[in-house]
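The next block is target.tsv, given as TSV, C-alpha atoms.
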chain	number	residue	atom	x	y	z
K	21	MET	CA	-43.09	-31.18	101.11
K	22	LYS	CA	-40.74	-32.07	98.25
K	23	ASN	CA	-38.70	-29.26	96.72
K	24	ASP	CA	-38.96	-30.39	93.09
K	25	LEU	CA	-41.78	-31.47	90.80
K	26	ILE	CA	-40.91	-33.49	87.69
K	27	ILE	CA	-43.63	-33.64	85.02
K	28	TYR	CA	-44.17	-35.95	82.10
K	29	GLY	CA	-46.93	-35.18	79.63
K	30	TYR	CA	-47.72	-34.27	76.05
K	31	ASN	CA	-45.73	-31.04	75.96
K	32	CYS	CA	-46.12	-30.23	72.25
K	33	LYS	CA	-48.04	-26.93	72.17
K	34	ASN	CA	-51.42	-28.54	72.64
K	35	LEU	CA	-53.73	-26.04	74.33
K	36	GLY	CA	-55.55	-28.59	76.48
K	37	ASP	CA	-52.38	-30.14	77.88
K	38	ASP	CA	-50.75	-26.73	78.37
K	39	LEU	CA	-53.73	-25.62	80.45
K	40	MET	CA	-53.48	-28.79	82.54
K	41	PHE	CA	-49.77	-28.23	83.17
K	42	ALA	CA	-50.38	-24.58	84.02
K	43	GLU	CA	-53.09	-25.33	86.57
K	44	ILE	CA	-50.75	-27.64	88.50
K	45	ILE	CA	-47.58	-25.56	88.15
K	46	ASN	CA	-49.11	-22.13	88.81
K	47	LYS	CA	-51.08	-23.27	91.84
K	48	THR	CA	-48.48	-25.38	93.66
K	49	ASP	CA	-45.45	-24.16	95.63
K	50	TYR	CA	-42.51	-26.33	94.61
K	51	LYS	CA	-39.13	-24.59	94.45
K	52	ARG	CA	-38.34	-25.99	91.00
K	53	TYR	CA	-40.30	-27.51	88.12
K	54	PHE	CA	-38.86	-29.93	85.55
K	55	PHE	CA	-40.28	-31.44	82.37
K	56	ILE	CA	-39.02	-34.66	80.84
K	57	GLY	CA	-38.34	-33.83	77.20
K	58	HIS	CA	-37.42	-30.90	74.99
K	59	GLY	CA	-37.26	-27.26	75.96
K	60	GLU	CA	-40.73	-25.98	75.10
K	61	VAL	CA	-42.32	-23.97	77.91
K	62	PRO	CA	-46.09	-24.60	77.91
K	63	ASN	CA	-48.41	-21.67	77.30
K	64	PHE	CA	-50.11	-20.14	80.38
K	65	VAL	CA	-47.29	-21.32	82.71
K	66	ASN	CA	-45.99	-18.37	84.74
K	67	LYS	CA	-43.04	-19.98	86.55
K	68	GLU	CA	-39.51	-20.87	85.49
K	69	ILE	CA	-39.27	-24.32	83.90
K	70	PHE	CA	-36.26	-26.65	83.62
K	71	PHE	CA	-35.89	-29.77	81.48
K	72	ILE	CA	-34.56	-33.29	81.96
K	73	LYS	CA	-33.26	-34.69	78.71
K	74	PRO	CA	-34.40	-38.29	78.13
K	75	GLY	CA	-31.96	-40.97	77.07
K	76	ARG	CA	-29.33	-43.27	78.52
K	77	LEU	CA	-28.08	-40.67	80.99
K	78	MET	CA	-31.52	-39.59	82.21
K	79	LYS	CA	-31.13	-41.35	85.56
K	80	LEU	CA	-28.05	-39.23	86.26
K	81	ARG	CA	-30.05	-36.10	85.48
K	82	TRP	CA	-32.96	-37.10	87.74
K	83	LYS	CA	-33.69	-35.05	90.86
K	84	LEU	CA	-33.47	-36.76	94.25
K	85	LYS	CA	-36.53	-36.93	96.50
K	86	ALA	CA	-38.78	-35.26	93.94
K	87	ASP	CA	-42.48	-35.56	93.29
K	88	PHE	CA	-43.05	-37.00	89.82
K	89	ALA	CA	-46.38	-36.42	88.05
K	90	VAL	CA	-47.67	-37.87	84.79
K	91	ILE	CA	-50.27	-35.33	83.64
K	92	GLY	CA	-52.68	-35.58	80.71
K	93	GLY	CA	-55.85	-37.14	79.40
K	94	SER	CA	-54.41	-39.62	76.90
K	95	VAL	CA	-51.20	-40.77	78.55
K	96	LEU	CA	-52.32	-44.31	79.42
K	97	MET	CA	-53.72	-45.76	76.21
K	98	GLY	CA	-53.31	-49.48	75.58
K	99	ALA	CA	-54.70	-50.16	72.11
K	100	SER	CA	-51.38	-50.88	70.39
K	101	PRO	CA	-48.00	-52.44	71.25
K	102	GLN	CA	-46.42	-48.96	71.18
K	103	GLN	CA	-48.95	-47.57	73.65
K	104	LYS	CA	-48.40	-50.52	76.02
K	105	ASP	CA	-44.65	-50.01	75.81
K	106	ALA	CA	-45.20	-46.36	76.74
K	107	ILE	CA	-47.00	-47.51	79.91
K	108	ARG	CA	-44.11	-49.85	80.72
K	109	GLN	CA	-41.71	-46.93	80.29
K	110	LYS	CA	-43.71	-44.91	82.83
K	111	ILE	CA	-43.59	-47.83	85.26
K	112	GLU	CA	-39.77	-47.84	85.01
K	113	TRP	CA	-39.63	-44.07	85.61
K	114	PHE	CA	-41.91	-44.43	88.63
K	115	LYS	CA	-39.72	-47.21	90.02
K	116	TRP	CA	-36.61	-45.07	89.62
K	117	ASN	CA	-38.27	-42.11	91.35
K	118	LYS	CA	-39.15	-44.41	94.25
K	119	ILE	CA	-35.52	-45.53	94.50
K	120	THR	CA	-34.41	-41.88	94.65
K	121	GLY	CA	-36.84	-41.17	97.50
K	122	GLY	CA	-39.68	-39.52	95.59
K	123	ARG	CA	-43.46	-39.78	95.32
K	124	ASN	CA	-45.41	-40.58	92.15
K	125	PHE	CA	-48.71	-39.14	90.86
K	126	ILE	CA	-50.97	-39.68	87.86
K	127	ILE	CA	-53.21	-36.68	87.25
K	128	GLY	CA	-56.16	-36.37	84.88
K	129	ALA	CA	-55.70	-39.52	82.80
K	130	ASN	CA	-58.68	-41.29	81.27
K	131	LEU	CA	-58.08	-45.01	80.97
K	132	GLY	CA	-58.13	-46.68	77.58
K	133	PRO	CA	-58.74	-47.36	74.86
K	134	TYR	CA	-57.27	-50.87	75.10
K	135	ASP	CA	-57.41	-54.01	72.97
K	136	ASP	CA	-57.02	-56.64	75.72
K	137	GLU	CA	-58.70	-55.98	79.06
K	138	LYS	CA	-56.75	-58.65	81.00
K	139	GLU	CA	-53.38	-57.35	79.77
K	140	TYR	CA	-54.43	-53.74	80.33
K	141	LEU	CA	-55.54	-54.45	83.91
K	142	GLU	CA	-52.18	-56.13	84.54
K	143	LEU	CA	-50.41	-52.97	83.37
K	144	LEU	CA	-52.65	-50.83	85.59
K	145	SER	CA	-51.90	-53.11	88.54
K	146	ALA	CA	-48.17	-52.72	87.94
K	147	LEU	CA	-48.61	-48.94	87.75
K	148	SER	CA	-50.65	-48.88	90.96
K	149	SER	CA	-47.86	-50.62	92.84
K	150	VAL	CA	-45.57	-47.61	92.26
K	151	VAL	CA	-48.08	-44.72	92.21
K	152	ASP	CA	-48.72	-42.85	95.46
K	153	LYS	CA	-51.69	-40.76	94.32
K	154	TRP	CA	-53.99	-41.28	91.35
K	155	PHE	CA	-56.51	-38.61	90.29
K	156	VAL	CA	-59.02	-39.47	87.53
K	157	ARG	CA	-61.77	-37.35	85.99
K	158	ASP	CA	-64.39	-39.94	84.97
K	159	LYS	CA	-66.30	-42.73	86.70
K	160	VAL	CA	-65.36	-45.43	84.17
K	161	SER	CA	-61.64	-44.96	84.92
K	162	PHE	CA	-62.34	-44.78	88.65
K	163	ASP	CA	-64.21	-48.09	88.62
K	164	MET	CA	-61.47	-49.80	86.60
K	165	LEU	CA	-58.79	-48.66	89.04
K	166	GLU	CA	-60.85	-49.95	91.96
K	167	LYS	CA	-60.64	-53.37	90.30
K	168	VAL	CA	-56.87	-53.35	90.71
K	169	LYS	CA	-57.15	-52.00	94.28
K	170	THR	CA	-55.38	-48.70	93.71
K	171	ARG	CA	-54.18	-47.42	97.08
K	172	TYR	CA	-54.92	-43.68	96.82
K	173	LEU	CA	-57.60	-42.93	94.26
K	174	LYS	CA	-59.76	-39.83	93.87
K	175	LEU	CA	-62.44	-38.96	91.33
K	176	MET	CA	-61.74	-35.29	90.62
K	177	PRO	CA	-62.94	-32.68	88.15
K	178	ASP	CA	-60.75	-32.07	85.11
K	179	ILE	CA	-57.87	-29.81	86.13
K	180	VAL	CA	-58.78	-27.20	83.50
K	181	MET	CA	-62.10	-26.63	85.26
K	182	GLY	CA	-60.04	-24.58	87.72
K	183	PHE	CA	-58.99	-22.14	84.98
K	184	ASP	CA	-59.58	-18.49	85.92
K	185	LYS	CA	-62.08	-17.36	83.30
K	186	GLU	CA	-62.88	-13.94	84.78
K	187	ARG	CA	-60.54	-11.83	82.65
K	188	PHE	CA	-61.96	-13.46	79.50
K	189	MET	CA	-65.55	-12.52	80.24
K	190	GLU	CA	-66.26	-10.38	77.18
K	191	GLU	CA	-69.30	-9.41	75.15
K	192	SER	CA	-70.42	-12.10	72.73
K	193	ASP	CA	-69.57	-11.45	69.09
K	194	SER	CA	-72.40	-13.77	67.92
K	195	SER	CA	-69.89	-16.18	66.40
K	196	VAL	CA	-69.87	-19.98	66.36
K	197	ALA	CA	-66.59	-21.49	67.53
K	198	ILE	CA	-65.89	-24.96	66.11
K	199	SER	CA	-63.13	-27.07	67.64
K	200	VAL	CA	-61.70	-29.36	64.95
K	201	THR	CA	-59.19	-32.19	65.19
K	202	SER	CA	-57.87	-35.20	63.31
K	203	VAL	CA	-60.38	-37.78	64.49
K	204	GLY	CA	-58.10	-40.69	63.56
K	205	LYS	CA	-55.24	-39.68	65.83
K	206	ASP	CA	-54.15	-41.96	68.68
K	207	ASN	CA	-55.16	-45.03	66.63
K	208	ASN	CA	-58.80	-44.00	66.97
K	209	ASN	CA	-61.09	-45.60	64.39
K	210	LEU	CA	-64.52	-44.67	65.72
K	211	ILE	CA	-65.15	-41.92	63.16
K	212	ASP	CA	-64.51	-41.75	59.43
K	213	ALA	CA	-62.46	-38.62	58.75
K	214	GLU	CA	-64.23	-37.79	55.47
K	215	SER	CA	-67.68	-38.10	57.04
K	216	TYR	CA	-66.57	-35.93	59.94
K	217	ALA	CA	-65.20	-33.18	57.67
K	218	GLY	CA	-68.36	-33.21	55.57
K	219	GLU	CA	-70.69	-32.97	58.55
K	220	ILE	CA	-68.74	-30.17	60.25
K	221	ALA	CA	-68.69	-28.27	56.95
K	222	GLN	CA	-72.47	-28.68	56.63
K	223	LEU	CA	-72.95	-27.48	60.20
K	224	ALA	CA	-70.69	-24.46	59.66
K	225	GLN	CA	-72.53	-23.63	56.43
K	226	SER	CA	-75.88	-23.72	58.23
K	227	TYR	CA	-74.68	-21.08	60.71
K	228	ILE	CA	-73.16	-18.94	57.95
K	229	ASP	CA	-76.49	-19.05	56.14
K	230	GLN	CA	-78.05	-17.66	59.34
K	231	GLY	CA	-75.68	-14.69	59.16
K	232	LYS	CA	-73.23	-15.84	61.80
K	233	SER	CA	-69.45	-15.91	61.51
K	234	VAL	CA	-67.64	-19.20	62.10
K	235	LYS	CA	-64.27	-19.65	63.80
K	236	LEU	CA	-62.44	-22.93	63.20
K	237	LEU	CA	-60.26	-23.57	66.26
K	238	SER	CA	-56.91	-25.37	66.18
K	239	PHE	CA	-55.89	-26.55	69.65
K	240	GLU	CA	-52.72	-28.16	68.25
K	241	ASP	CA	-51.61	-26.67	64.95
K	242	ARG	CA	-49.52	-29.59	63.71
K	243	VAL	CA	-52.53	-31.92	64.07
K	244	ASP	CA	-55.64	-29.75	63.65
K	245	LEU	CA	-54.80	-27.46	60.73
K	246	GLU	CA	-54.97	-30.19	58.09
K	247	PRO	CA	-58.60	-31.20	58.84
K	248	ILE	CA	-59.45	-27.50	59.29
K	249	ASP	CA	-58.17	-26.76	55.78
K	250	LYS	CA	-60.26	-29.67	54.46
K	251	ILE	CA	-63.40	-28.39	56.17
K	252	GLU	CA	-62.80	-24.82	55.03
K	253	SER	CA	-62.52	-26.03	51.43
K	254	LEU	CA	-65.99	-27.57	51.69
K	255	ILE	CA	-67.65	-24.38	52.97
K	256	LYS	CA	-69.07	-21.78	50.61
K	257	GLN	CA	-67.67	-18.70	52.31
K	258	THR	CA	-69.49	-15.39	52.07
K	259	ASN	CA	-67.86	-12.08	53.00
K	260	GLY	CA	-65.06	-13.61	55.04
K	261	SER	CA	-67.44	-15.39	57.38
K	262	VAL	CA	-64.95	-18.19	58.16
K	263	ASN	CA	-61.82	-17.53	60.22
K	264	ILE	CA	-59.13	-20.00	61.29
K	265	ILE	CA	-57.89	-19.44	64.85
K	266	LYS	CA	-54.50	-21.01	65.49
K	267	ASN	CA	-53.13	-21.93	68.91
K	268	VAL	CA	-51.36	-18.64	69.52
K	269	GLY	CA	-51.30	-17.12	73.00
K	270	GLU	CA	-54.82	-16.73	74.38
K	271	ASP	CA	-56.61	-16.61	71.02
K	272	ILE	CA	-58.47	-19.92	71.37
K	273	VAL	CA	-59.73	-19.17	74.88
K	274	LYS	CA	-60.91	-15.74	73.73
K	275	ALA	CA	-62.74	-17.24	70.74
K	276	ILE	CA	-64.62	-19.67	73.01
K	277	ALA	CA	-65.41	-16.92	75.52
K	278	GLN	CA	-66.88	-14.70	72.77
K	279	ALA	CA	-68.92	-17.36	70.96
K	280	ASP	CA	-72.68	-17.84	71.17
K	281	VAL	CA	-72.32	-21.54	70.33
K	282	VAL	CA	-69.35	-23.89	70.62
K	283	VAL	CA	-69.05	-27.06	68.56
K	284	SER	CA	-66.59	-29.24	70.46
K	285	THR	CA	-64.53	-32.10	69.13
K	286	ARG	CA	-61.39	-31.49	71.16
K	287	PHE	CA	-61.89	-32.64	74.77
K	288	HIS	CA	-60.85	-29.38	76.37
K	289	ALA	CA	-63.02	-27.35	74.02
K	290	MET	CA	-65.91	-29.12	75.74
K	291	VAL	CA	-64.47	-28.30	79.18
K	292	LEU	CA	-63.75	-24.65	78.42
K	293	ALA	CA	-67.14	-24.11	76.78
K	294	ALA	CA	-68.93	-25.53	79.83
K	295	LEU	CA	-66.74	-23.39	82.08
K	296	PHE	CA	-67.96	-20.35	80.13
K	297	GLU	CA	-71.53	-21.77	80.28
K	298	LYS	CA	-71.92	-21.96	76.51
K	299	LYS	CA	-74.42	-23.81	74.40
K	300	GLN	CA	-72.58	-26.75	72.87
K	301	ILE	CA	-72.76	-29.42	70.23
K	302	ILE	CA	-70.33	-32.07	71.48
K	303	TYR	CA	-68.95	-34.68	69.09
K	304	ALA	CA	-67.72	-37.75	70.97
K	305	TYR	CA	-64.85	-38.82	68.75
K	306	ASN	CA	-63.28	-41.01	71.43
K	307	ASN	CA	-64.08	-42.73	74.73
K	308	LYS	CA	-62.55	-40.07	76.97
K	309	THR	CA	-65.04	-37.50	75.67
K	310	THR	CA	-67.99	-39.85	76.18
K	311	GLN	CA	-66.90	-40.90	79.67
K	312	PHE	CA	-66.41	-37.33	80.86
K	313	ALA	CA	-69.63	-36.07	79.26
K	314	GLN	CA	-71.59	-38.84	80.98
K	315	THR	CA	-70.06	-37.90	84.33
K	316	TYR	CA	-71.43	-34.33	84.01
K	317	GLY	CA	-74.64	-35.08	82.15
K	318	PHE	CA	-73.64	-33.50	78.84
K	319	GLU	CA	-75.30	-34.68	75.64
K	320	THR	CA	-72.98	-35.93	72.92
K	321	TYR	CA	-73.50	-36.63	69.22
K	322	ALA	CA	-72.06	-39.12	66.79
K	323	VAL	CA	-71.01	-38.32	63.23
K	324	THR	CA	-73.86	-39.51	61.00
K	325	GLY	CA	-73.28	-37.51	57.82
K	326	SER	CA	-75.94	-34.94	58.71
K	327	TYR	CA	-76.00	-32.09	61.23
K	328	VAL	CA	-79.82	-32.03	61.28
K	329	GLY	CA	-81.22	-32.58	64.78
K	330	LYS	CA	-77.93	-31.80	66.49
K	331	ASP	CA	-78.95	-28.72	68.38
K	332	PRO	CA	-76.72	-26.83	70.84
K	333	VAL	CA	-77.45	-27.48	74.51
K	334	LYS	CA	-76.49	-25.22	77.44
K	335	THR	CA	-73.61	-26.68	79.46
K	336	SER	CA	-72.12	-25.67	82.79
K	337	PHE	CA	-70.53	-27.04	85.95
K	338	GLU	CA	-72.03	-26.80	89.43
K	339	LYS	CA	-70.35	-24.37	91.83
K	340	ASP	CA	-69.45	-27.12	94.30
K	341	VAL	CA	-67.61	-29.00	91.56
K	342	LEU	CA	-65.65	-25.89	90.55
K	343	LYS	CA	-64.77	-25.28	94.19
K	344	PHE	CA	-63.58	-28.88	94.55
K	345	VAL	CA	-61.23	-28.63	91.56
K	346	ASN	CA	-59.26	-25.94	93.37
K	347	THR	CA	-58.19	-28.48	96.01
K	348	TYR	CA	-55.83	-30.16	93.50
K	349	ALA	CA	-52.75	-28.24	94.65
K	350	LYS	CA	-53.36	-29.10	98.30
K	351	LEU	CA	-54.03	-32.79	97.56
K	352	VAL	CA	-50.91	-33.08	95.40
K	353	GLN	CA	-48.48	-31.45	97.80
K	354	LYS	CA	-49.62	-32.64	101.22
Could I get this structure in the form of C-alpha cells?
Amino acid sequence: MKNDLIIYGYNCKNLGDDLMFAEIINKTDYKRYFFIGHGEVPNFVNKEIFFIKPGRLMKLRWKLKADFAVIGGSVLMGASPQQKDAIRQKIEWFKWNKITGGRNFIIGANLGPYDDEKEYLELLSALSSVVDKWFVRDKVSFDMLEKVKTRYLKLMPDIVMGFDKERFMEESDSSVAISVTSVGKDNNNLIDAESYAGEIAQLAQSYIDQGKSVKLLSFEDRVDLEPIDKIESLIKQTNGSVNIIKNVGEDIVKAIAQADVVVSTRFHAMVLAALFEKKQIIYAYNNKTTQFAQTYGFETYAVTGSYVGKDPVKTSFEKDVLKFVNTYAKLVQK
C-alpha cells in the first residue's frame, strides 16, 4: 500500500465535493493526505491535510510513489476549450505520477457534457492509458469508458451514499428544503435562469400557503446565494416562513434530515435526500443529474415555468447498494 494519497478536486467549500473527499479520506488508511491547490481543509474531513502548491515547481513538491486520485462529479467536462485543456492538464499530472512510481485513480466523475464526441473519446482514451482504476457512478459514463477499453472500470454508487446519517436522524420539523444553484454554471445552457427562479419561487410559495416553512439551501455560498436571493425576492413571505441556510458546518445536512420534502437541484441534495429516504422533487439541470437518477429509478422534472403536476416522490437506495458503497476504501487501497 502507498503511504501518501494526493487528491485533486473542486476544493472550494462546496458541500457535495467536501462530502466526497471526506468519505475517501476518513475511510482509507494512508499515512498522509495532500491536496493540489490552496490551503482550505474540506468540511467533514477528520484527518490532517497537507497541500501541494501548483505552478512551475509543482513537480519538485510532488510525493514519490503516491496514489493520486481525481475526485468529483464534474471534473471531466469537455464542452469548451478550457474544459478540454483541464483534461489535458490532468493527463500530464497522471503521467508525472506514473514516472514517480505512483498509481492513478478517477473517482466519482460523470462524463460530459462535451461538444465533439470524437475529440472527447480521444481525450478519454489518453486518460485511460495512464489511469489505474476508474470508478464511475452512472451507466452512461460506464458505457462510454468501455468504448475506449478502460483497463480497470467499476460502476459504483456515489461516494456520498456511504455517509453516516445515523447521528442526523432527528424529528421532522415539517419544513420543505429547497436546494438552489446557478443553473448556468459550468457552461450549462439547458435551463433558463429566470424561468428556473420563477418556478422555484412558485413552488416555495405553494408550500408556504399550506402552512409549511421553506429552507433555501446553499451548497456553495459563492455560487448559490445569488439565485437564492433572487428566488427569495419573488416569494411573498409570511411570518418568517423562508429561511436561507448557508453552507456552514453541518447545517445543510441537518436541514435535509429534518425536512418532510426536499426539492433538489444540486446533485448531492438528491443523493442526501434519498439517503434520508425523503420525498423529492428533482430538477435535472444537467446531464449528470439525469444519468444518475436514471441509474436508480428516480423521477426528474424539467423547468417548464409551472410547478403544477410536479409532486414529491419517495426516494431511497437499496440496502445492498449502500453496503457496496462502503467497499470504496478497500478497492482504492488494495
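Comparing the minimum interatomic distances between Asn23 of chain K and each of K:Ile264, K:Ile179, K:Ala86, K:Ala313, counting only C-alpha atoms, we find that K:Ala86 sits nearest.
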Restricting the calculation to only C-alpha atoms, which member of K:Leu237, K:Leu80, K:Ala349, K:Leu295 is positioned closest to Val268 of chain K?
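Under the stated criterion, the closest residue is K:Leu237.
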Which residues, protein or nucleic acid, reach to within 12 Å of (-48.8, -48.1, 75.3) in the file's coordinates when using all atoms listed in the file, and can you give that as number ranges by chain?
K: 94-111, 131-136, 139-140, 143-144, 206-207
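Closest approach to Phe70 of chain K among K:Val262, K:Val168, K:Ile56, K:Val283: K:Ile56, based on all atoms listed in the file.
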Can you measure atom CA of Ser336 of chain K to atom CA of Tyr316 of chain K for me? One decimal in Å is fine.
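The value is 8.8 Å.
Checking K:Ile211, K:Gly218, K:Phe183, K:Ile198 one by one against Lys235 of chain K, counting all atoms listed in the file, you find the shortest gap at K:Ile198.
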From K:Gln230, K:Asn124, K:Ser161, K:Thr310, residue lying nearest Ser195 of chain K [only C-alpha atoms]:
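Closest to Ser195 of chain K, using only C-alpha atoms: K:Gln230.
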Name the residues in contact with Phe88 of chain K at a cut-off of 12 Å, using only C-alpha atoms, excluding same-chain residues fewer than 3 positions from it; report them as an MDAnalysis selection string.
chainID K and resid 22:29 50 53:56 82:85 91 110:111 113:118 120:127 150:154 352:353
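Between atom CA of Arg242 of chain K and atom CA of Gln225 of chain K the interatomic distance comes to 24.9 Å.
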Find the residue from K:Ala294, K:Lys138, K:Gly231, K:Tyr216 that sits nearest to Ala322 of chain K; use only C-alpha atoms when measuring.
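Of K:Ala294, K:Lys138, K:Gly231, K:Tyr216, the one nearest Ala322 of chain K is K:Tyr216, counting only C-alpha atoms.
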Can you measure atom CA of Arg81 of chain K to atom CA of Asn31 of chain K for me? One decimal in Å is fine.
19.0 Å
Quick one: residues within 12 Å of Lys266 of chain K, only C-alpha atoms, excluding same-chain residues fewer than 3 positions away - as a VMD selection string?
chain K and resid 33 to 35 199 to 200 235 to 246 248 to 249 263 269 to 275
Exercise: Phe296 of chain K partners within 9 Å, all atoms listed in the file, chain neighbours under 5 positions left out, as a VMD selection string
chain K and resid 185 189 276 to 277 291 335 to 336
Now that the selection is made, can you save its residues with C-alpha atoms as a PDB file, keeping the file's coordinate frame?
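Listed below is the output, part04.pdb:
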ATOM      1  CA  LYS K 185     -62.080 -17.360  83.300  1.00  0.00           C
ATOM      2  CA  MET K 189     -65.550 -12.520  80.240  1.00  0.00           C
ATOM      3  CA  ILE K 276     -64.620 -19.670  73.010  1.00  0.00           C
ATOM      4  CA  ALA K 277     -65.410 -16.920  75.520  1.00  0.00           C
ATOM      5  CA  VAL K 291     -64.470 -28.300  79.180  1.00  0.00           C
ATOM      6  CA  THR K 335     -73.610 -26.680  79.460  1.00  0.00           C
ATOM      7  CA  SER K 336     -72.120 -25.670  82.790  1.00  0.00           C
TER       8      SER K 336
END
Need the neighbours of (-68.0, -25.1, 89.8): which residues are at most 10 Å away, counting all atoms listed in the file, as an MDAnalysis selection string?
chainID K and resid 177 181:182 295 336:346
Enclose segment 321-326 of chain K, meaning all of its atoms listed in the file, in a box aligned along x, y and z, pad it by 6 Å on each side, and list the centre and edge lengths in Å to one decimal, as lines of an AutoDock Vina configuration file.
center_x = -73.5
center_y = -37.2
center_z = 63.5
size_x = 16.9
size_y = 16.6
size_z = 23.4
Residue contacts of segment 212-215 of chain K (8 Å, all atoms listed in the file) excluding same-chain residues fewer than 3 positions away, as a PDB file with C-alpha atoms, keeping the file's coordinate frame:
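Here's the written file result08.pdb:
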ATOM      1  CA  SER K 202     -57.870 -35.200  63.310  1.00  0.00           C
ATOM      2  CA  VAL K 203     -60.380 -37.780  64.490  1.00  0.00           C
ATOM      3  CA  GLY K 204     -58.100 -40.690  63.560  1.00  0.00           C
ATOM      4  CA  ASN K 209     -61.090 -45.600  64.390  1.00  0.00           C
ATOM      5  CA  GLY K 218     -68.360 -33.210  55.570  1.00  0.00           C
ATOM      6  CA  GLU K 219     -70.690 -32.970  58.550  1.00  0.00           C
ATOM      7  CA  VAL K 323     -71.010 -38.320  63.230  1.00  0.00           C
ATOM      8  CA  THR K 324     -73.860 -39.510  61.000  1.00  0.00           C
ATOM      9  CA  GLY K 325     -73.280 -37.510  57.820  1.00  0.00           C
TER      10      GLY K 325
END
Just write segment 136-142 of chain K with all heavy atoms, as an mmCIF file, in the first residue's frame, taken from the block above.
data_model
loop_
_atom_site.group_PDB
_atom_site.id
_atom_site.type_symbol
_atom_site.label_atom_id
_atom_site.label_comp_id
_atom_site.auth_asym_id
_atom_site.auth_seq_id
_atom_site.Cartn_x
_atom_site.Cartn_y
_atom_site.Cartn_z
ATOM 1 N N ASP K 136 -17.868 17.625 -28.896
ATOM 2 C CA ASP K 136 -17.365 16.845 -30.032
ATOM 3 C C ASP K 136 -17.055 15.447 -29.520
ATOM 4 O O ASP K 136 -16.060 15.239 -28.816
ATOM 5 C CB ASP K 136 -16.111 17.521 -30.603
ATOM 6 C CG ASP K 136 -15.567 16.816 -31.842
ATOM 7 O OD1 ASP K 136 -15.522 15.563 -31.855
ATOM 8 O OD2 ASP K 136 -15.182 17.513 -32.797
ATOM 9 N N GLU K 137 -17.912 14.481 -29.845
ATOM 10 C CA GLU K 137 -17.751 13.139 -29.279
ATOM 11 C C GLU K 137 -16.420 12.505 -29.664
ATOM 12 O O GLU K 137 -15.747 11.893 -28.829
ATOM 13 C CB GLU K 137 -18.907 12.227 -29.705
ATOM 14 C CG GLU K 137 -18.810 10.839 -29.080
ATOM 15 C CD GLU K 137 -20.012 9.966 -29.369
ATOM 16 O OE1 GLU K 137 -20.903 10.406 -30.136
ATOM 17 O OE2 GLU K 137 -20.065 8.849 -28.839
ATOM 18 N N LYS K 138 -16.001 12.632 -30.919
ATOM 19 C CA LYS K 138 -14.741 12.017 -31.370
ATOM 20 C C LYS K 138 -13.558 12.569 -30.574
ATOM 21 O O LYS K 138 -12.722 11.815 -30.066
ATOM 22 C CB LYS K 138 -14.540 12.268 -32.864
ATOM 23 C CG LYS K 138 -13.275 11.646 -33.441
ATOM 24 C CD LYS K 138 -13.217 11.859 -34.942
ATOM 25 C CE LYS K 138 -11.971 11.211 -35.559
ATOM 26 N NZ LYS K 138 -10.709 11.830 -35.065
ATOM 27 N N GLU K 139 -13.502 13.902 -30.433
ATOM 28 C CA GLU K 139 -12.406 14.515 -29.693
ATOM 29 C C GLU K 139 -12.466 14.126 -28.214
ATOM 30 O O GLU K 139 -11.430 13.857 -27.583
ATOM 31 C CB GLU K 139 -12.457 16.036 -29.846
ATOM 32 C CG GLU K 139 -11.313 16.763 -29.158
ATOM 33 C CD GLU K 139 -11.398 18.273 -29.307
ATOM 34 O OE1 GLU K 139 -12.483 18.779 -29.673
ATOM 35 O OE2 GLU K 139 -10.383 18.943 -29.041
ATOM 36 N N TYR K 140 -13.671 14.085 -27.666
ATOM 37 C CA TYR K 140 -13.830 13.733 -26.259
ATOM 38 C C TYR K 140 -13.396 12.287 -25.998
ATOM 39 O O TYR K 140 -12.702 12.006 -25.010
ATOM 40 C CB TYR K 140 -15.279 13.940 -25.841
ATOM 41 C CG TYR K 140 -15.511 13.856 -24.348
ATOM 42 C CD1 TYR K 140 -14.952 14.784 -23.479
ATOM 43 C CD2 TYR K 140 -16.318 12.855 -23.802
ATOM 44 C CE1 TYR K 140 -15.177 14.718 -22.112
ATOM 45 C CE2 TYR K 140 -16.545 12.785 -22.434
ATOM 46 C CZ TYR K 140 -15.972 13.725 -21.596
ATOM 47 O OH TYR K 140 -16.191 13.643 -20.237
ATOM 48 N N LEU K 141 -13.765 11.381 -26.879
ATOM 49 C CA LEU K 141 -13.344 9.984 -26.728
ATOM 50 C C LEU K 141 -11.828 9.846 -26.830
ATOM 51 O O LEU K 141 -11.216 9.010 -26.153
ATOM 52 C CB LEU K 141 -14.034 9.108 -27.772
ATOM 53 C CG LEU K 141 -15.523 8.814 -27.528
ATOM 54 C CD1 LEU K 141 -16.135 8.097 -28.719
ATOM 55 C CD2 LEU K 141 -15.722 7.985 -26.259
ATOM 56 N N GLU K 142 -11.212 10.662 -27.669
ATOM 57 C CA GLU K 142 -9.746 10.645 -27.773
ATOM 58 C C GLU K 142 -9.102 11.086 -26.462
ATOM 59 O O GLU K 142 -8.097 10.508 -26.017
ATOM 60 C CB GLU K 142 -9.293 11.552 -28.920
ATOM 61 C CG GLU K 142 -9.592 10.984 -30.309
ATOM 62 C CD GLU K 142 -9.300 11.981 -31.420
ATOM 63 O OE1 GLU K 142 -8.970 13.149 -31.113
ATOM 64 O OE2 GLU K 142 -9.398 11.584 -32.606
#
